[in-house]
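Asks: The structure is given below, and queries will be raised subsequently.
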Amino acid sequence: MKVKLLLVGKSVEGWLQSGIRLYASRLKHNVPFEITVIPDLKQASALSMEQIKEKEGDLILARIKSSDDVILLDERGKCYSSEDWARHLEQKMIYGSKDLLFVVGGAYGFSEKVYQRADEKLSLSQMTFSHQMVRLFFLEQLYRAFTIIKGEPYHHK
């Protein structure tokens, strides 16, 4: 099983890029892991919010394999504690045969077609974070989950 992260648009802040690289490199010691970035839309300022979501949605769907277990990072998704998230992830790894594909949408979220394709929605908090910040927060929580699963001392109760 491979764990993949699909992002809409590049990470713009250098400090975010550094943090993302740090946790991505740590994750690769635990699981086959890759990040794919869908480039920002050209001339997006001429499009409505719905048009942007539809175009980004088409680009997202084009990168999803039929065999992927697709999990959207979405404010309406299920919230977990770090320990519960680790148990959930471990169950997916034990009983699932599909690659896990986590998707962070653009600033306006996902199109309806993407929601329809999703197998699950995950929320990191009841608070709203920018789609840029979610990337780093999610990677840290994914790394934390693997350290919990492996019984490593990174996570403190």
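Following the order of the structure tokens, first chain is A, next is B, and so on, with residues numbered from 1 inside each chain and ligands from 1 in the order they appear.
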So which residues touch Val3 of chain A within 9 Å, counting only C-alpha atoms, skipping near sequence neighbours fewer than 5 positions away, as a ChimeraX atom specification?
Replies: /A:31-35,99-102
Asks: Tell me which of A:Asn30, A:Val104, A:Leu61, A:Pro39 sits closest to Met133 of chain A, counting only C-alpha atoms.
Replies: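 Checking each of A:Asn30, A:Val104, A:Leu61, A:Pro39 against Met133 of chain A, counting only C-alpha atoms, the winner is A:Val104.
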Asks: So, counting only C-alpha atoms, which residue among A:Ile94, A:Asp74, A:Gly105, A:Gly151 is closest to Ser125 of chain A?
Replies: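 Between A:Ile94, A:Asp74, A:Gly105, A:Gly151, the residue approaching Ser125 of chain A most closely is A:Asp74.
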Asks: Taking only C-alpha atoms into account, which of A:Cys79, A:Ile38, A:Leu7, A:Ala86 comes nearest Leu122 of chain A?
Replies: A:Cys79
Asks: One number please: atom CA of Thr147 of chain A to atom CA of Ser66 of chain A, in Å, one decimal.
Replies: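 Pair atom CA of Thr147 of chain A / atom CA of Ser66 of chain A returns 29.3 Å.
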Asks: Counting only C-alpha atoms, which of A:Glu83, A:Gly14, A:Asp69, A:Ser130 gets nearest to Gly96 of chain A?
Replies: A:Asp69
Asks: Set the distance at 9 Å and use only C-alpha atoms: which residues neighbour Arg63 of chain A once local chain neighbours fewer than 4 positions away are removed? I'd like the list as an mmCIF file with C-alpha atoms, in the first residue's frame.
Replies:
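Contents of result39.cif, as written:
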data_model
loop_
_atom_site.group_PDB
_atom_site.id
_atom_site.type_symbol
_atom_site.label_atom_id
_atom_site.label_comp_id
_atom_site.auth_asym_id
_atom_site.auth_seq_id
_atom_site.Cartn_x
_atom_site.Cartn_y
_atom_site.Cartn_z
ATOM 1 C CA LEU A 6 -2.664 15.277 -3.899
ATOM 2 C CA ASP A 58 -11.687 17.735 -13.203
ATOM 3 C CA LEU A 59 -7.921 17.925 -12.650
#
Asks: Between A:Arg87, A:Arg117, A:Arg26, A:Arg21, which has the minimum distance to Ile148 of chain A (counting only C-alpha atoms)?
Replies: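 Distance minimum relative to Ile148 of chain A lands on A:Arg87.
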Asks: Please return, as a PyMOL selection string, all residues of segment 24-148 of chain A that DSSP assigns to strand (DSSP E) on the basis of the backbone.
Replies: chain A and resi 33-38+69-79+100-104+120-123
Asks: Rank A:Leu124, A:Gln91, A:Glu56, A:Tyr115 by their smallest atom-to-atom distance to Ala44 of chain A, using only C-alpha atoms, and report the top residue only.
Replies: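 Distance minimum relative to Ala44 of chain A lands on A:Glu56.
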Asks: As a ChimeraX atom specification, please: every residue in chain A that a backbone DSSP assignment puts in alpha helix (DSSP H).
Replies: /A:14-27,49-62,82-95,112-117,131-150
